[in-house]
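Read the structure below first, then the notes.
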Amino acid sequence: MKKNIAVIGCGQWGKNLVRNFSELGALSSICDPNTEIVNKYTNQFKVKNFLFSEIINDPNVKGVALTVPAELHASMAIEAMNKGKHVFVEKPLAMNISEAELMISTAKKNGVKLMVGHLLKYHPIFNTIQRIIEAGDIGELNNIYSNRLSFGRVRTNEDVIWSFAPHDISMILSLAKQDPEFVTTKSSSILQKNLADISTIHLEFKSGLKSYISVSWLNPYKEVKLVISGKSAMLVFDDTKPWNEKLALYPYELLRSKDLLNLKKSDTQYLKVSEEEPLKNECQHFIDVVEKDIKPLTDGAEGLRVIKVLSAASQSQIKNEKVKI
């Protein structure tokens, strides 16, 4: 394995990328202004800390992974790509549509790959869900909803929509295999003025599929759950459960009797999925993108699709009305 990946930003989430790229034998260097972090990781992972300008000018570095504040994603990614580097950017890809489009065109102009960190697309349980749906095992989809709730760290540069919802939007668009026509958002700003802490995003698709996403960092307990409803069964992906209980199948029947409707649920089935670390899968995929010149699963186009939904959600909460994409 070539050590040709540099991680830019080694804080709360970046440290996980540093560990994984190191374990995969690809970590060449790190970049962080925090002396305490630098001293710890240069010793632990036997790498050197360099300035960002030094890293993107190093011919031995082929790919950079950016885990910096979201408002810096576009400028730093573009600077790296203009130096011929492949770039992995944590979600969200950018802070608006024009930035995302410029990032995509910059990658194309320089013949490099742009990848966004939509982590759940690399989760073996989500991959299993995709296969089940594509096989028609739960029938035609009619509703998808997700809850991403927590209590703790509050962002000050981006609201809960831009911080929490990208993963869920990415999964929902992949399962729906279409983009929504309309987005409606209801939000509450409690801790900080004009910065949503709690939000519900409703998505309406041309096919009739409905979806909604609830996000909050002001919830007394953690919940990370995706529920997919088909005409004959439901799938529930609960990422807070033990591995062997994370994916459940709920077969059901819709019973009609005169003017009454009733749902009859069969026994819950917990589906077996091989245990893997999603982040390690994602990091390995970026290594393959760099070394094998393959198209990223979560490329710039995917990132832009999610940004368009996020932008519509933000516009909806400001205008307090349904927004057409």
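Identifiers in this document derive from the order of the structure tokens: chains are assigned A, B, ..., residues are numbered from 1 separately in each chain, and ligands are numbered from 1 in order of occurrence.
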Give the strand (DSSP E) residues of segment 6-138 of chain A, as DSSP finds them on the backbone, and put them as a PyMOL selection string. chain A and resi 6-8+27-31+48-49+63-66+86-90+114-117
Can I get the residues of segment 260-293 of chain A within 12 Å of segment 110-118 of chain A, each with the closest pair of atoms and their distance in Å to one decimal, using only C-alpha atoms, sorted chain first then ascending number, as JSON lines?
{"residue": "A:Pro278", "atom": "CA", "partner": "A:His118", "partner_atom": "CA", "distance": 10.3}
{"residue": "A:Leu279", "atom": "CA", "partner": "A:Gly117", "partner_atom": "CA", "distance": 9.2}
{"residue": "A:Lys280", "atom": "CA", "partner": "A:Gly117", "partner_atom": "CA", "distance": 11.9}
{"residue": "A:Asn281", "atom": "CA", "partner": "A:Gly117", "partner_atom": "CA", "distance": 11.3}
{"residue": "A:Glu282", "atom": "CA", "partner": "A:Gly117", "partner_atom": "CA", "distance": 7.7}
{"residue": "A:Cys283", "atom": "CA", "partner": "A:Gly117", "partner_atom": "CA", "distance": 9.3}
{"residue": "A:His285", "atom": "CA", "partner": "A:Met115", "partner_atom": "CA", "distance": 9.7}
{"residue": "A:Phe286", "atom": "CA", "partner": "A:Met115", "partner_atom": "CA", "distance": 7.5}
{"residue": "A:Ile287", "atom": "CA", "partner": "A:Met115", "partner_atom": "CA", "distance": 11.1}
{"residue": "A:Asp288", "atom": "CA", "partner": "A:Lys113", "partner_atom": "CA", "distance": 11.1}
{"residue": "A:Val289", "atom": "CA", "partner": "A:Lys113", "partner_atom": "CA", "distance": 7.3}
{"residue": "A:Val290", "atom": "CA", "partner": "A:Lys113", "partner_atom": "CA", "distance": 7.7}
{"residue": "A:Glu291", "atom": "CA", "partner": "A:Lys113", "partner_atom": "CA", "distance": 11.0}
{"residue": "A:Lys292", "atom": "CA", "partner": "A:Lys113", "partner_atom": "CA", "distance": 11.1}
{"residue": "A:Asp293", "atom": "CA", "partner": "A:Lys113", "partner_atom": "CA", "distance": 8.1}
File dump, residues just selected, N, CA and C atoms, as an mmCIF file, in the first residue's frame:
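Wrote out15.cif, looks like this:
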data_model
loop_
_atom_site.group_PDB
_atom_site.id
_atom_site.type_symbol
_atom_site.label_atom_id
_atom_site.label_comp_id
_atom_site.auth_asym_id
_atom_site.auth_seq_id
_atom_site.Cartn_x
_atom_site.Cartn_y
_atom_site.Cartn_z
ATOM 1 N N PRO A 278 -18.129 0.988 8.733
ATOM 2 C CA PRO A 278 -18.446 1.813 7.559
ATOM 3 C C PRO A 278 -17.344 2.791 7.199
ATOM 4 N N LEU A 279 -16.725 3.427 8.202
ATOM 5 C CA LEU A 279 -15.699 4.422 7.906
ATOM 6 C C LEU A 279 -14.475 3.778 7.264
ATOM 7 N N LYS A 280 -14.131 2.580 7.712
ATOM 8 C CA LYS A 280 -13.002 1.886 7.087
ATOM 9 C C LYS A 280 -13.327 1.572 5.630
ATOM 10 N N ASN A 281 -14.577 1.156 5.361
ATOM 11 C CA ASN A 281 -15.002 0.907 3.976
ATOM 12 C C ASN A 281 -14.892 2.176 3.139
ATOM 13 N N GLU A 282 -15.308 3.292 3.727
ATOM 14 C CA GLU A 282 -15.278 4.568 3.008
ATOM 15 C C GLU A 282 -13.839 4.994 2.711
ATOM 16 N N CYS A 283 -12.961 4.848 3.702
ATOM 17 C CA CYS A 283 -11.554 5.208 3.509
ATOM 18 C C CYS A 283 -10.900 4.303 2.469
ATOM 19 N N HIS A 285 -12.383 2.892 0.027
ATOM 20 C CA HIS A 285 -12.920 3.293 -1.272
ATOM 21 C C HIS A 285 -12.155 4.505 -1.816
ATOM 22 N N PHE A 286 -11.846 5.469 -0.948
ATOM 23 C CA PHE A 286 -11.078 6.634 -1.426
ATOM 24 C C PHE A 286 -9.671 6.214 -1.862
ATOM 25 N N ILE A 287 -9.065 5.291 -1.136
ATOM 26 C CA ILE A 287 -7.757 4.767 -1.549
ATOM 27 C C ILE A 287 -7.863 4.147 -2.944
ATOM 28 N N ASP A 288 -8.930 3.373 -3.183
ATOM 29 C CA ASP A 288 -9.135 2.758 -4.499
ATOM 30 C C ASP A 288 -9.368 3.814 -5.576
ATOM 31 N N VAL A 289 -10.092 4.875 -5.218
ATOM 32 C CA VAL A 289 -10.328 5.979 -6.156
ATOM 33 C C VAL A 289 -8.999 6.591 -6.579
ATOM 34 N N VAL A 290 -8.109 6.791 -5.612
ATOM 35 C CA VAL A 290 -6.808 7.404 -5.880
ATOM 36 C C VAL A 290 -5.906 6.472 -6.690
ATOM 37 N N GLU A 291 -5.853 5.197 -6.290
ATOM 38 C CA GLU A 291 -4.870 4.287 -6.876
ATOM 39 C C GLU A 291 -5.368 3.573 -8.137
ATOM 40 N N LYS A 292 -6.687 3.375 -8.247
ATOM 41 C CA LYS A 292 -7.215 2.602 -9.366
ATOM 42 C C LYS A 292 -7.987 3.452 -10.376
ATOM 43 N N ASP A 293 -8.069 4.758 -10.109
ATOM 44 C CA ASP A 293 -8.737 5.690 -11.026
ATOM 45 C C ASP A 293 -10.178 5.284 -11.295
#
Mind checking which residues fall within 10 Å of Leu195 of chain A, counting only C-alpha atoms, ignoring those fewer than 3 positions away in the same chain, and posting them as a PDB file with all heavy atoms, in the first residue's frame?
ATOM      1  N   ARG A 155     -23.412  22.961  16.903  1.00  0.00           N
ATOM      2  CA  ARG A 155     -22.599  23.728  15.950  1.00  0.00           C
ATOM      3  C   ARG A 155     -23.005  25.199  15.990  1.00  0.00           C
ATOM      4  O   ARG A 155     -24.153  25.531  16.295  1.00  0.00           O
ATOM      5  CB  ARG A 155     -22.777  23.206  14.524  1.00  0.00           C
ATOM      6  CG  ARG A 155     -21.952  21.972  14.186  1.00  0.00           C
ATOM      7  CD  ARG A 155     -22.349  20.764  14.991  1.00  0.00           C
ATOM      8  NE  ARG A 155     -21.813  19.534  14.412  1.00  0.00           N
ATOM      9  CZ  ARG A 155     -22.020  18.342  14.934  1.00  0.00           C
ATOM     10  NH1 ARG A 155     -22.744  18.206  16.023  1.00  0.00           N
ATOM     11  NH2 ARG A 155     -21.512  17.265  14.360  1.00  0.00           N
ATOM     12  N   THR A 156     -22.068  26.066  15.656  1.00  0.00           N
ATOM     13  CA  THR A 156     -22.342  27.502  15.640  1.00  0.00           C
ATOM     14  C   THR A 156     -22.208  28.099  14.237  1.00  0.00           C
ATOM     15  O   THR A 156     -22.613  29.245  14.016  1.00  0.00           O
ATOM     16  CB  THR A 156     -21.386  28.252  16.586  1.00  0.00           C
ATOM     17  OG1 THR A 156     -20.028  27.954  16.213  1.00  0.00           O
ATOM     18  CG2 THR A 156     -21.609  27.821  18.029  1.00  0.00           C
ATOM     19  N   ASN A 157     -21.634  27.335  13.284  1.00  0.00           N
ATOM     20  CA  ASN A 157     -21.445  27.848  11.924  1.00  0.00           C
ATOM     21  C   ASN A 157     -22.448  27.276  10.927  1.00  0.00           C
ATOM     22  O   ASN A 157     -22.550  27.763   9.807  1.00  0.00           O
ATOM     23  CB  ASN A 157     -20.026  27.531  11.436  1.00  0.00           C
ATOM     24  CG  ASN A 157     -18.965  28.260  12.240  1.00  0.00           C
ATOM     25  OD1 ASN A 157     -19.174  29.395  12.639  1.00  0.00           O
ATOM     26  ND2 ASN A 157     -17.858  27.599  12.495  1.00  0.00           N
ATOM     27  N   GLU A 158     -23.167  26.228  11.313  1.00  0.00           N
ATOM     28  CA  GLU A 158     -24.166  25.624  10.437  1.00  0.00           C
ATOM     29  C   GLU A 158     -25.298  25.112  11.309  1.00  0.00           C
ATOM     30  O   GLU A 158     -25.090  24.734  12.466  1.00  0.00           O
ATOM     31  CB  GLU A 158     -23.551  24.466   9.641  1.00  0.00           C
ATOM     32  CG  GLU A 158     -22.989  23.358  10.504  1.00  0.00           C
ATOM     33  CD  GLU A 158     -22.122  22.387   9.726  1.00  0.00           C
ATOM     34  OE1 GLU A 158     -21.049  22.785   9.256  1.00  0.00           O
ATOM     35  OE2 GLU A 158     -22.527  21.223   9.627  1.00  0.00           O
ATOM     36  N   ASP A 159     -26.522  25.121  10.783  1.00  0.00           N
ATOM     37  CA  ASP A 159     -27.653  24.673  11.587  1.00  0.00           C
ATOM     38  C   ASP A 159     -27.764  23.153  11.542  1.00  0.00           C
ATOM     39  O   ASP A 159     -26.984  22.457  10.889  1.00  0.00           O
ATOM     40  CB  ASP A 159     -28.947  25.375  11.164  1.00  0.00           C
ATOM     41  CG  ASP A 159     -29.410  24.988   9.764  1.00  0.00           C
ATOM     42  OD1 ASP A 159     -28.883  24.028   9.178  1.00  0.00           O
ATOM     43  OD2 ASP A 159     -30.317  25.668   9.245  1.00  0.00           O
ATOM     44  N   VAL A 160     -28.759  22.629  12.261  1.00  0.00           N
ATOM     45  CA  VAL A 160     -28.904  21.181  12.398  1.00  0.00           C
ATOM     46  C   VAL A 160     -29.245  20.519  11.062  1.00  0.00           C
ATOM     47  O   VAL A 160     -28.916  19.349  10.841  1.00  0.00           O
ATOM     48  CB  VAL A 160     -29.953  20.860  13.483  1.00  0.00           C
ATOM     49  CG1 VAL A 160     -31.382  21.160  12.974  1.00  0.00           C
ATOM     50  CG2 VAL A 160     -29.832  19.417  13.943  1.00  0.00           C
ATOM     51  N   ILE A 161     -29.871  21.258  10.141  1.00  0.00           N
ATOM     52  CA  ILE A 161     -30.186  20.699   8.828  1.00  0.00           C
ATOM     53  C   ILE A 161     -28.906  20.363   8.075  1.00  0.00           C
ATOM     54  O   ILE A 161     -28.717  19.240   7.593  1.00  0.00           O
ATOM     55  CB  ILE A 161     -31.049  21.679   8.003  1.00  0.00           C
ATOM     56  CG1 ILE A 161     -32.405  21.883   8.656  1.00  0.00           C
ATOM     57  CG2 ILE A 161     -31.209  21.183   6.568  1.00  0.00           C
ATOM     58  CD1 ILE A 161     -33.249  22.958   7.990  1.00  0.00           C
ATOM     59  N   SER A 187     -38.837  24.381  11.343  1.00  0.00           N
ATOM     60  CA  SER A 187     -37.685  24.386  12.239  1.00  0.00           C
ATOM     61  C   SER A 187     -37.928  25.260  13.459  1.00  0.00           C
ATOM     62  O   SER A 187     -38.793  26.145  13.446  1.00  0.00           O
ATOM     63  CB  SER A 187     -36.436  24.896  11.507  1.00  0.00           C
ATOM     64  OG  SER A 187     -36.131  24.101  10.395  1.00  0.00           O
ATOM     65  N   SER A 188     -37.123  24.997  14.499  1.00  0.00           N
ATOM     66  CA  SER A 188     -37.148  25.827  15.704  1.00  0.00           C
ATOM     67  C   SER A 188     -35.728  26.225  16.070  1.00  0.00           C
ATOM     68  O   SER A 188     -34.833  25.382  16.118  1.00  0.00           O
ATOM     69  CB  SER A 188     -37.772  25.058  16.875  1.00  0.00           C
ATOM     70  OG  SER A 188     -39.121  24.757  16.614  1.00  0.00           O
ATOM     71  N   SER A 189     -35.533  27.522  16.316  1.00  0.00           N
ATOM     72  CA  SER A 189     -34.241  28.032  16.783  1.00  0.00           C
ATOM     73  C   SER A 189     -34.390  28.357  18.260  1.00  0.00           C
ATOM     74  O   SER A 189     -35.061  29.327  18.623  1.00  0.00           O
ATOM     75  CB  SER A 189     -33.839  29.283  15.993  1.00  0.00           C
ATOM     76  OG  SER A 189     -33.725  28.990  14.618  1.00  0.00           O
ATOM     77  N   ILE A 190     -33.754  27.551  19.087  1.00  0.00           N
ATOM     78  CA  ILE A 190     -33.942  27.677  20.533  1.00  0.00           C
ATOM     79  C   ILE A 190     -32.685  28.190  21.219  1.00  0.00           C
ATOM     80  O   ILE A 190     -32.730  29.120  22.021  1.00  0.00           O
ATOM     81  CB  ILE A 190     -34.370  26.317  21.131  1.00  0.00           C
ATOM     82  CG1 ILE A 190     -35.717  25.900  20.526  1.00  0.00           C
ATOM     83  CG2 ILE A 190     -34.458  26.389  22.657  1.00  0.00           C
ATOM     84  CD1 ILE A 190     -36.120  24.488  20.823  1.00  0.00           C
ATOM     85  N   LEU A 191     -31.554  27.594  20.911  1.00  0.00           N
ATOM     86  CA  LEU A 191     -30.302  27.942  21.578  1.00  0.00           C
ATOM     87  C   LEU A 191     -29.614  29.147  20.962  1.00  0.00           C
ATOM     88  O   LEU A 191     -28.913  29.881  21.660  1.00  0.00           O
ATOM     89  CB  LEU A 191     -29.352  26.742  21.571  1.00  0.00           C
ATOM     90  CG  LEU A 191     -29.878  25.461  22.220  1.00  0.00           C
ATOM     91  CD1 LEU A 191     -28.857  24.342  22.063  1.00  0.00           C
ATOM     92  CD2 LEU A 191     -30.183  25.699  23.698  1.00  0.00           C
ATOM     93  N   GLN A 192     -29.787  29.310  19.652  1.00  0.00           N
ATOM     94  CA  GLN A 192     -29.125  30.400  18.929  1.00  0.00           C
ATOM     95  C   GLN A 192     -30.114  31.026  17.951  1.00  0.00           C
ATOM     96  O   GLN A 192     -30.842  30.320  17.262  1.00  0.00           O
ATOM     97  CB  GLN A 192     -27.912  29.876  18.146  1.00  0.00           C
ATOM     98  CG  GLN A 192     -26.880  29.177  19.003  1.00  0.00           C
ATOM     99  CD  GLN A 192     -25.823  28.484  18.169  1.00  0.00           C
ATOM    100  OE1 GLN A 192     -24.835  29.099  17.780  1.00  0.00           O
ATOM    101  NE2 GLN A 192     -26.032  27.214  17.879  1.00  0.00           N
ATOM    102  N   ILE A 198     -33.767  22.247  15.883  1.00  0.00           N
ATOM    103  CA  ILE A 198     -34.710  21.147  15.649  1.00  0.00           C
ATOM    104  C   ILE A 198     -35.379  21.396  14.308  1.00  0.00           C
ATOM    105  O   ILE A 198     -35.800  22.518  14.018  1.00  0.00           O
ATOM    106  CB  ILE A 198     -35.789  21.085  16.747  1.00  0.00           C
ATOM    107  CG1 ILE A 198     -35.148  20.903  18.133  1.00  0.00           C
ATOM    108  CG2 ILE A 198     -36.787  19.962  16.472  1.00  0.00           C
ATOM    109  CD1 ILE A 198     -36.130  21.079  19.281  1.00  0.00           C
TER     110      ILE A 198
END
Residues at most 7 Å from segment 63-66 of chain A, counting only C-alpha atoms, excluding those fewer than 2 positions away in the same chain, as a count of residues only? 15
Residues of segment 46-254 of chain A in helix (DSSP H, G or I) according to DSSP, as a compact mmCIF listing (two decimals) with N, CA, C and O atoms, in the first residue's frame?
# COMPACT_ATOMS: atom_id res chain seq x y z
N PHE A 52 -0.90 23.15 5.04
CA PHE A 52 -1.74 22.75 3.91
C PHE A 52 -1.03 23.04 2.59
O PHE A 52 -1.05 22.20 1.67
N SER A 53 -0.39 24.19 2.49
CA SER A 53 0.32 24.55 1.25
C SER A 53 1.44 23.57 0.94
O SER A 53 1.71 23.26 -0.23
N GLU A 54 2.09 23.06 1.97
CA GLU A 54 3.16 22.08 1.76
C GLU A 54 2.60 20.75 1.28
O GLU A 54 3.18 20.11 0.39
N ILE A 55 1.48 20.36 1.83
CA ILE A 55 0.87 19.08 1.46
C ILE A 55 0.41 19.08 0.01
O ILE A 55 0.67 18.15 -0.75
N ILE A 56 -0.28 20.14 -0.41
CA ILE A 56 -0.81 20.12 -1.78
C ILE A 56 0.27 20.35 -2.83
O ILE A 56 0.04 20.14 -4.02
N ALA A 70 -17.20 23.36 7.51
CA ALA A 70 -17.91 23.25 6.22
C ALA A 70 -17.73 24.47 5.33
O ALA A 70 -17.68 24.33 4.10
N GLU A 71 -17.59 25.65 5.93
CA GLU A 71 -17.45 26.84 5.11
C GLU A 71 -16.10 26.89 4.38
O GLU A 71 -15.91 27.71 3.47
N LEU A 72 -15.17 26.02 4.75
CA LEU A 72 -13.86 25.95 4.09
C LEU A 72 -13.77 24.83 3.06
O LEU A 72 -12.76 24.72 2.35
N HIS A 73 -14.79 23.98 2.98
CA HIS A 73 -14.74 22.83 2.08
C HIS A 73 -14.44 23.23 0.65
O HIS A 73 -13.53 22.68 0.01
N ALA A 74 -15.20 24.17 0.12
CA ALA A 74 -15.06 24.53 -1.29
C ALA A 74 -13.69 25.13 -1.60
O ALA A 74 -12.99 24.68 -2.51
N SER A 75 -13.28 26.13 -0.83
CA SER A 75 -12.03 26.83 -1.14
C SER A 75 -10.83 25.90 -1.03
O SER A 75 -9.94 25.90 -1.90
N MET A 76 -10.79 25.07 0.02
CA MET A 76 -9.63 24.19 0.21
C MET A 76 -9.63 23.04 -0.79
O MET A 76 -8.57 22.64 -1.29
N ALA A 77 -10.81 22.51 -1.10
CA ALA A 77 -10.89 21.43 -2.08
C ALA A 77 -10.46 21.93 -3.45
O ALA A 77 -9.71 21.24 -4.18
N ILE A 78 -10.91 23.11 -3.83
CA ILE A 78 -10.56 23.67 -5.13
C ILE A 78 -9.06 23.93 -5.21
O ILE A 78 -8.41 23.63 -6.23
N GLU A 79 -8.48 24.45 -4.13
CA GLU A 79 -7.04 24.71 -4.12
C GLU A 79 -6.26 23.41 -4.29
O GLU A 79 -5.27 23.35 -5.04
N ALA A 80 -6.70 22.35 -3.61
CA ALA A 80 -6.02 21.06 -3.71
C ALA A 80 -6.18 20.45 -5.10
O ALA A 80 -5.22 19.92 -5.67
N MET A 81 -7.39 20.54 -5.65
CA MET A 81 -7.63 19.96 -6.98
C MET A 81 -6.86 20.70 -8.06
O MET A 81 -6.41 20.11 -9.04
N ILE A 97 -25.15 25.71 -3.69
CA ILE A 97 -25.12 25.03 -4.98
C ILE A 97 -23.98 25.53 -5.86
O ILE A 97 -23.29 24.74 -6.50
N SER A 98 -23.76 26.83 -5.90
CA SER A 98 -22.71 27.38 -6.78
C SER A 98 -21.33 26.89 -6.37
O SER A 98 -20.49 26.59 -7.23
N GLU A 99 -21.07 26.79 -5.06
CA GLU A 99 -19.79 26.24 -4.60
C GLU A 99 -19.63 24.80 -5.05
O GLU A 99 -18.55 24.40 -5.52
N ALA A 100 -20.68 24.01 -4.89
CA ALA A 100 -20.62 22.59 -5.27
C ALA A 100 -20.37 22.44 -6.77
O ALA A 100 -19.57 21.60 -7.19
N GLU A 101 -21.05 23.26 -7.56
CA GLU A 101 -20.86 23.19 -9.02
C GLU A 101 -19.44 23.57 -9.42
O GLU A 101 -18.85 22.95 -10.32
N LEU A 102 -18.88 24.56 -8.73
CA LEU A 102 -17.51 24.98 -9.02
C LEU A 102 -16.52 23.87 -8.64
O LEU A 102 -15.54 23.63 -9.34
N MET A 103 -16.78 23.18 -7.53
CA MET A 103 -15.92 22.06 -7.12
C MET A 103 -15.94 20.95 -8.17
O MET A 103 -14.90 20.39 -8.52
N ILE A 104 -17.12 20.65 -8.69
CA ILE A 104 -17.26 19.59 -9.70
C ILE A 104 -16.54 19.97 -10.98
O ILE A 104 -15.82 19.16 -11.58
N SER A 105 -16.71 21.21 -11.43
CA SER A 105 -16.06 21.65 -12.66
C SER A 105 -14.54 21.71 -12.49
O SER A 105 -13.79 21.42 -13.43
N THR A 106 -14.07 22.05 -11.28
CA THR A 106 -12.64 22.09 -11.02
C THR A 106 -12.04 20.69 -11.09
O THR A 106 -10.94 20.49 -11.63
N ALA A 107 -12.74 19.70 -10.53
CA ALA A 107 -12.28 18.32 -10.60
C ALA A 107 -12.17 17.86 -12.05
O ALA A 107 -11.17 17.25 -12.45
N LYS A 108 -13.19 18.18 -12.83
CA LYS A 108 -13.19 17.78 -14.25
C LYS A 108 -12.06 18.45 -15.00
O LYS A 108 -11.35 17.81 -15.80
N LYS A 109 -11.86 19.74 -14.76
CA LYS A 109 -10.82 20.51 -15.45
C LYS A 109 -9.43 19.94 -15.19
O LYS A 109 -8.57 19.90 -16.09
N ASN A 110 -9.21 19.48 -13.96
CA ASN A 110 -7.89 18.99 -13.57
C ASN A 110 -7.73 17.48 -13.69
O ASN A 110 -6.66 16.95 -13.37
N LEU A 119 -21.24 8.83 4.69
CA LEU A 119 -20.77 7.62 5.34
C LEU A 119 -21.73 6.43 5.24
O LEU A 119 -21.30 5.29 5.07
N LEU A 120 -23.03 6.70 5.36
CA LEU A 120 -23.99 5.60 5.41
C LEU A 120 -24.08 4.82 4.10
O LEU A 120 -24.54 3.68 4.09
N LYS A 121 -23.62 5.41 3.01
CA LYS A 121 -23.60 4.69 1.73
C LYS A 121 -22.57 3.56 1.75
O LYS A 121 -22.56 2.70 0.86
N TYR A 122 -21.69 3.56 2.74
CA TYR A 122 -20.66 2.54 2.87
C TYR A 122 -20.95 1.58 4.03
O TYR A 122 -20.11 0.77 4.39
N PRO A 124 -22.61 -1.62 5.58
CA PRO A 124 -23.10 -2.89 5.05
C PRO A 124 -24.60 -3.11 5.26
O PRO A 124 -25.24 -3.79 4.45
N ILE A 125 -25.15 -2.53 6.31
CA ILE A 125 -26.60 -2.68 6.53
C ILE A 125 -27.38 -1.88 5.51
O ILE A 125 -28.38 -2.35 4.97
N PHE A 126 -26.93 -0.67 5.19
CA PHE A 126 -27.61 0.10 4.15
C PHE A 126 -27.48 -0.60 2.80
O PHE A 126 -28.43 -0.63 2.02
N ASN A 127 -26.32 -1.17 2.52
CA ASN A 127 -26.13 -1.91 1.27
C ASN A 127 -27.08 -3.10 1.20
O ASN A 127 -27.63 -3.41 0.13
N THR A 128 -27.32 -3.76 2.33
CA THR A 128 -28.28 -4.87 2.38
C THR A 128 -29.70 -4.38 2.12
O THR A 128 -30.47 -5.01 1.39
N ILE A 129 -30.04 -3.23 2.70
CA ILE A 129 -31.36 -2.64 2.47
C ILE A 129 -31.57 -2.37 0.98
O ILE A 129 -32.64 -2.68 0.43
N GLN A 130 -30.57 -1.81 0.33
CA GLN A 130 -30.67 -1.54 -1.10
C GLN A 130 -30.95 -2.82 -1.90
O GLN A 130 -31.80 -2.82 -2.79
N ARG A 131 -30.24 -3.89 -1.57
CA ARG A 131 -30.43 -5.15 -2.29
C ARG A 131 -31.82 -5.71 -2.07
O ARG A 131 -32.46 -6.23 -3.00
N ILE A 132 -32.33 -5.62 -0.85
CA ILE A 132 -33.68 -6.12 -0.53
C ILE A 132 -34.73 -5.36 -1.32
O ILE A 132 -35.66 -5.95 -1.89
N ILE A 133 -34.58 -4.04 -1.38
CA ILE A 133 -35.56 -3.21 -2.10
C ILE A 133 -35.49 -3.47 -3.60
O ILE A 133 -36.52 -3.62 -4.27
N GLU A 134 -34.27 -3.56 -4.14
CA GLU A 134 -34.11 -3.79 -5.58
C GLU A 134 -34.64 -5.15 -5.99
O GLU A 134 -35.09 -5.34 -7.13
N VAL A 160 -28.76 22.63 12.26
CA VAL A 160 -28.90 21.18 12.40
C VAL A 160 -29.25 20.52 11.06
O VAL A 160 -28.92 19.35 10.84
N ILE A 161 -29.87 21.26 10.14
CA ILE A 161 -30.19 20.70 8.83
C ILE A 161 -28.91 20.36 8.07
O ILE A 161 -28.72 19.24 7.59
N TRP A 162 -28.00 21.32 7.98
CA TRP A 162 -26.77 21.13 7.21
C TRP A 162 -25.80 20.20 7.94
O TRP A 162 -24.97 19.54 7.30
N SER A 163 -25.90 20.13 9.26
CA SER A 163 -24.99 19.30 10.02
C SER A 163 -25.44 17.84 10.08
O SER A 163 -24.62 16.93 9.93
N PHE A 164 -26.75 17.60 10.29
CA PHE A 164 -27.24 16.24 10.53
C PHE A 164 -27.90 15.59 9.31
O PHE A 164 -27.81 14.37 9.14
N ALA A 165 -28.59 16.37 8.48
CA ALA A 165 -29.46 15.78 7.46
C ALA A 165 -28.76 15.23 6.21
O ALA A 165 -29.36 14.40 5.51
N PRO A 166 -27.52 15.64 5.86
CA PRO A 166 -26.94 15.13 4.62
C PRO A 166 -26.92 13.61 4.51
O PRO A 166 -27.21 13.05 3.44
N HIS A 167 -26.57 12.90 5.59
CA HIS A 167 -26.54 11.44 5.54
C HIS A 167 -27.91 10.85 5.18
O HIS A 167 -28.02 9.95 4.35
N ASP A 168 -28.95 11.38 5.81
CA ASP A 168 -30.29 10.83 5.59
C ASP A 168 -30.80 11.16 4.20
O ASP A 168 -31.41 10.32 3.54
N ILE A 169 -30.53 12.38 3.75
CA ILE A 169 -30.93 12.76 2.39
C ILE A 169 -30.24 11.87 1.37
O ILE A 169 -30.86 11.38 0.42
N SER A 170 -28.95 11.62 1.57
CA SER A 170 -28.19 10.76 0.67
C SER A 170 -28.81 9.37 0.58
O SER A 170 -28.99 8.81 -0.50
N MET A 171 -29.14 8.79 1.73
CA MET A 171 -29.75 7.45 1.75
C MET A 171 -31.11 7.44 1.07
O MET A 171 -31.42 6.56 0.27
N ILE A 172 -31.93 8.42 1.39
CA ILE A 172 -33.28 8.47 0.85
C ILE A 172 -33.26 8.64 -0.67
O ILE A 172 -34.01 7.96 -1.39
N LEU A 173 -32.41 9.53 -1.18
CA LEU A 173 -32.32 9.71 -2.64
C LEU A 173 -31.86 8.43 -3.32
O LEU A 173 -32.32 8.10 -4.42
N SER A 174 -30.95 7.71 -2.68
CA SER A 174 -30.45 6.45 -3.26
C SER A 174 -31.55 5.40 -3.31
O SER A 174 -31.68 4.67 -4.30
N LEU A 175 -32.35 5.31 -2.26
CA LEU A 175 -33.43 4.33 -2.22
C LEU A 175 -34.57 4.71 -3.15
O LEU A 175 -35.17 3.86 -3.81
N ALA A 176 -34.87 6.01 -3.22
CA ALA A 176 -35.97 6.48 -4.07
C ALA A 176 -35.61 6.43 -5.55
O ALA A 176 -36.48 6.35 -6.41
N TRP A 243 -25.26 -4.90 16.88
CA TRP A 243 -25.17 -5.20 15.45
C TRP A 243 -26.23 -6.18 14.98
O TRP A 243 -26.84 -6.00 13.93
N ASN A 244 -26.49 -7.24 15.75
CA ASN A 244 -27.42 -8.27 15.30
C ASN A 244 -28.89 -7.84 15.39
O ASN A 244 -29.79 -8.60 15.00
N GLU A 245 -29.12 -6.61 15.89
CA GLU A 245 -30.49 -6.09 15.97
C GLU A 245 -30.65 -4.79 15.19
O GLU A 245 -31.70 -4.14 15.25
Neighbours of segment 262-273 of chain A within 7 Å (only C-alpha atoms; same-chain residues fewer than 2 positions away dropped), as number ranges by chain? A: 124-125, 244-245, 247-256, 260, 275
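Straight-line separation from atom CA of Val183 of chain A to atom CA of Ser232 of chain A: 26.9 Å.
The closest residue to Lys246 of chain A, picked from A:Lys83, A:Lys225, A:Lys2, A:His202 and counting only C-alpha atoms, is A:Lys225.
Nearest to Ala196 of chain A of all the residues A:Ser150, A:Asn219, A:Gln317, A:Asn16 is A:Gln317, based on only C-alpha atoms.
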Residues within 12 Å of Thr35 of chain A, please, as a ChimeraX atom specification. Count only C-alpha atoms; anything in the same chain fewer than 4 positions from it doesn't count. /A:10-11,31,39-42,49-50
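Rounded to one decimal, atom CA of Lys206 of chain A and atom CA of Glu181 of chain A lie 6.2 Å from each other.
One finds atom CA of Glu302 of chain A at 27.6 Å from atom CA of Gly25 of chain A.
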